[in-house]
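Text of the file protein-v7.csv, holding CSV, C-alpha atoms:
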```csv
chain,number,residue,atom,x,y,z
A,46,MET,CA,0.0,0.0,0.0
A,47,PRO,CA,1.5,3.4,-1.0
A,48,THR,CA,2.1,6.0,1.7
A,49,THR,CA,2.2,9.8,1.4
A,50,ARG,CA,3.3,12.6,3.7
A,51,ALA,CA,1.5,15.8,4.5
A,52,ASP,CA,3.3,19.0,3.5
A,53,GLU,CA,3.7,22.2,5.5
A,54,GLU,CA,0.2,23.3,4.7
A,55,ARG,CA,-1.3,19.9,5.8
A,56,ARG,CA,-2.0,18.8,2.2
A,57,VAL,CA,-1.8,15.2,1.1
A,58,THR,CA,-1.5,14.1,-2.6
A,59,LEU,CA,-3.6,11.2,-3.7
A,60,PRO,CA,-2.2,9.2,-6.6
A,61,ASP,CA,-5.5,8.7,-8.5
A,62,ALA,CA,-7.0,12.1,-7.8
A,63,THR,CA,-7.3,14.7,-10.5
A,64,PRO,CA,-7.7,18.5,-10.0
A,65,GLY,CA,-11.3,19.3,-9.2
A,66,ASP,CA,-12.2,16.0,-7.6
A,67,LEU,CA,-14.5,16.3,-4.6
A,68,PHE,CA,-14.1,14.0,-1.6
A,69,ASP,CA,-16.2,13.4,1.5
A,70,VAL,CA,-13.9,13.2,4.6
A,71,ARG,CA,-15.1,10.8,7.2
A,72,ARG,CA,-13.5,9.9,10.5
A,73,PRO,CA,-14.5,6.3,11.5
A,74,GLY,CA,-12.3,6.5,14.6
A,75,ASN,CA,-8.9,5.4,15.9
A,76,GLY,CA,-7.3,8.5,14.2
A,77,ASP,CA,-8.2,7.1,10.7
A,78,TYR,CA,-9.6,9.1,7.8
A,79,LEU,CA,-11.8,7.7,5.1
A,80,LEU,CA,-12.0,9.7,1.8
A,81,VAL,CA,-15.0,8.9,-0.4
A,82,ARG,CA,-15.0,10.4,-3.9
A,83,VAL,CA,-18.2,12.3,-4.5
A,84,SER,CA,-19.5,12.5,-8.1
A,85,SER,CA,-20.5,16.1,-8.9
A,86,PRO,CA,-23.5,16.6,-11.2
A,87,ALA,CA,-22.9,17.3,-14.8
A,88,PRO,CA,-22.7,21.1,-15.5
A,89,LYS,CA,-25.9,22.6,-17.0
A,90,PRO,CA,-25.4,23.7,-20.6
A,91,PRO,CA,-25.5,27.4,-21.2
A,92,PRO,CA,-28.9,28.8,-22.5
A,93,SER,CA,-29.4,29.1,-26.2
A,94,TYR,CA,-29.7,32.4,-27.9
A,95,ALA,CA,-33.5,31.9,-28.3
A,96,GLU,CA,-33.8,31.1,-24.5
A,97,VAL,CA,-31.9,34.3,-23.6
A,98,LEU,CA,-34.1,36.4,-25.9
A,99,GLU,CA,-37.2,34.9,-24.5
A,100,ALA,CA,-36.1,35.6,-20.9
A,101,ILE,CA,-35.3,39.2,-21.8
A,102,LEU,CA,-38.7,39.7,-23.4
A,103,LYS,CA,-40.5,38.1,-20.4
A,104,ASN,CA,-38.7,40.3,-17.9
A,105,PRO,CA,-37.7,43.7,-19.3
A,106,VAL,CA,-35.5,45.9,-17.2
A,107,GLU,CA,-37.7,48.7,-16.1
A,108,MET,CA,-37.5,51.2,-13.2
A,109,ARG,CA,-40.1,50.5,-10.5
A,110,LEU,CA,-39.9,54.0,-9.1
A,111,SER,CA,-40.1,57.3,-10.8
A,112,TRP,CA,-37.1,59.6,-10.6
A,113,GLU,CA,-38.9,61.9,-8.1
A,114,GLU,CA,-39.6,58.9,-5.8
A,115,LEU,CA,-36.0,57.8,-6.1
A,116,ARG,CA,-34.7,61.3,-5.2
A,117,ARG,CA,-37.1,61.5,-2.3
A,118,LEU,CA,-35.9,58.2,-0.9
A,119,THR,CA,-32.2,58.7,-1.4
A,120,ARG,CA,-31.7,62.4,-0.4
A,121,ASP,CA,-31.4,63.6,3.2
A,122,PRO,CA,-34.4,65.6,4.4
```
Take the structure in the file and give it back as structure tokens.
Amino acid sequence: MPTTRADEERRVTLPDATPGDLFDVRRPGNGDYLLVRVSSPAPKPPPSYAEVLEAILKNPVEMRLSWEELRRLTRDP
């Protein structure tokens, strides 16, 4: 069984791990650690151009207050 040593920053390198892997750290007792690889869900694909346009048309950016209401709320009396 291969062994590894922690560095100055308490990091341990795992031989089969790749950057970005996610592990659940468990402590069953007796000073032991058990690392369980957690599979992350597949990333959601970015929205299509048509979906972006539809979202913009459904929720246009509009001011909810008039300029006068905004001035009244943000200025000192």
Could you please determine the separation between CA of Arg116 in chain A and CA of Asn104 in chain A in Å, to one decimal place?
-> 24.9 Å
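Taking CA of Leu80 in chain A and CA of Arg50 in chain A as the two end points, the separation is 15.7 Å.
With distances restricted to all atoms listed in the file, A:Arg82 is the closest residue to Thr63 in chain A from A:Lys103, A:Ser93, A:Arg82, A:Asp77.
We find CA of Glu107 in chain A and CA of Ala95 in chain A to be spaced 21.2 Å apart.
Those residues positioned at most 12 Å from (-6.7, 11.6, 2.8) are Thr48, Thr49, Arg50, Ala51, Arg55, Arg56, Val57, Thr58, Leu59, Pro60, Asp61, Ala62, Leu67, Phe68, Asp69, Val70, Arg71, Arg72, Gly76, Asp77, Tyr78, Leu79, Leu80, Val81 and Arg82 of chain A, judged using only C-alpha atoms.
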Only N, CA, C and O atoms, please: range 62-77 of chain A from the block, as a tab-separated table (two decimals), in the first residue's frame.
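Resulting contents of result.tsv:
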```tsv
chain	number	residue	atom	x	y	z
A	62	ALA	N	-6.16	10.93	-7.75
A	62	ALA	CA	-7.01	12.12	-7.76
A	62	ALA	C	-6.61	13.05	-8.90
A	62	ALA	O	-5.43	13.13	-9.27
A	63	THR	N	-7.59	13.73	-9.47
A	63	THR	CA	-7.33	14.73	-10.50
A	63	THR	C	-7.82	16.07	-9.98
A	63	THR	O	-8.69	16.13	-9.11
A	64	PRO	N	-7.26	17.17	-10.47
A	64	PRO	CA	-7.70	18.48	-10.01
A	64	PRO	C	-9.21	18.66	-10.18
A	64	PRO	O	-9.77	18.32	-11.22
A	65	GLY	N	-9.86	19.13	-9.13
A	65	GLY	CA	-11.30	19.34	-9.17
A	65	GLY	C	-12.11	18.21	-8.58
A	65	GLY	O	-13.32	18.35	-8.41
A	66	ASP	N	-11.48	17.09	-8.27
A	66	ASP	CA	-12.20	15.98	-7.64
A	66	ASP	C	-12.71	16.42	-6.27
A	66	ASP	O	-12.06	17.18	-5.56
A	67	LEU	N	-13.88	15.91	-5.89
A	67	LEU	CA	-14.50	16.25	-4.62
A	67	LEU	C	-14.54	15.01	-3.74
A	67	LEU	O	-14.94	13.94	-4.20
A	68	PHE	N	-14.11	15.15	-2.49
A	68	PHE	CA	-14.06	14.02	-1.57
A	68	PHE	C	-14.82	14.36	-0.29
A	68	PHE	O	-14.76	15.47	0.21
A	69	ASP	N	-15.52	13.36	0.23
A	69	ASP	CA	-16.16	13.45	1.54
A	69	ASP	C	-15.18	12.87	2.54
A	69	ASP	O	-14.71	11.74	2.39
A	70	VAL	N	-14.84	13.65	3.57
A	70	VAL	CA	-13.88	13.21	4.58
A	70	VAL	C	-14.64	12.66	5.77
A	70	VAL	O	-15.44	13.36	6.39
A	71	ARG	N	-14.40	11.40	6.08
A	71	ARG	CA	-15.07	10.75	7.22
A	71	ARG	C	-14.01	10.30	8.21
A	71	ARG	O	-12.90	9.95	7.83
A	72	ARG	N	-14.38	10.32	9.49
A	72	ARG	CA	-13.46	9.87	10.54
A	72	ARG	C	-14.11	8.72	11.29
A	72	ARG	O	-14.83	8.92	12.25
A	73	PRO	N	-13.86	7.49	10.85
A	73	PRO	CA	-14.49	6.34	11.51
A	73	PRO	C	-13.97	6.09	12.92
A	73	PRO	O	-14.61	5.38	13.69
A	74	GLY	N	-12.88	6.68	13.31
A	74	GLY	CA	-12.33	6.50	14.65
A	74	GLY	C	-10.90	6.02	14.59
A	74	GLY	O	-10.33	5.78	13.52
A	75	ASN	N	-10.28	5.90	15.75
A	75	ASN	CA	-8.90	5.41	15.88
A	75	ASN	C	-7.91	6.29	15.13
A	75	ASN	O	-6.85	5.82	14.71
A	76	GLY	N	-8.24	7.56	14.90
A	76	GLY	CA	-7.33	8.45	14.18
A	76	GLY	C	-7.27	8.21	12.70
A	76	GLY	O	-6.40	8.73	12.01
A	77	ASP	N	-8.19	7.41	12.16
A	77	ASP	CA	-8.21	7.11	10.73
A	77	ASP	C	-9.07	8.12	9.99
A	77	ASP	O	-9.99	8.73	10.55
```
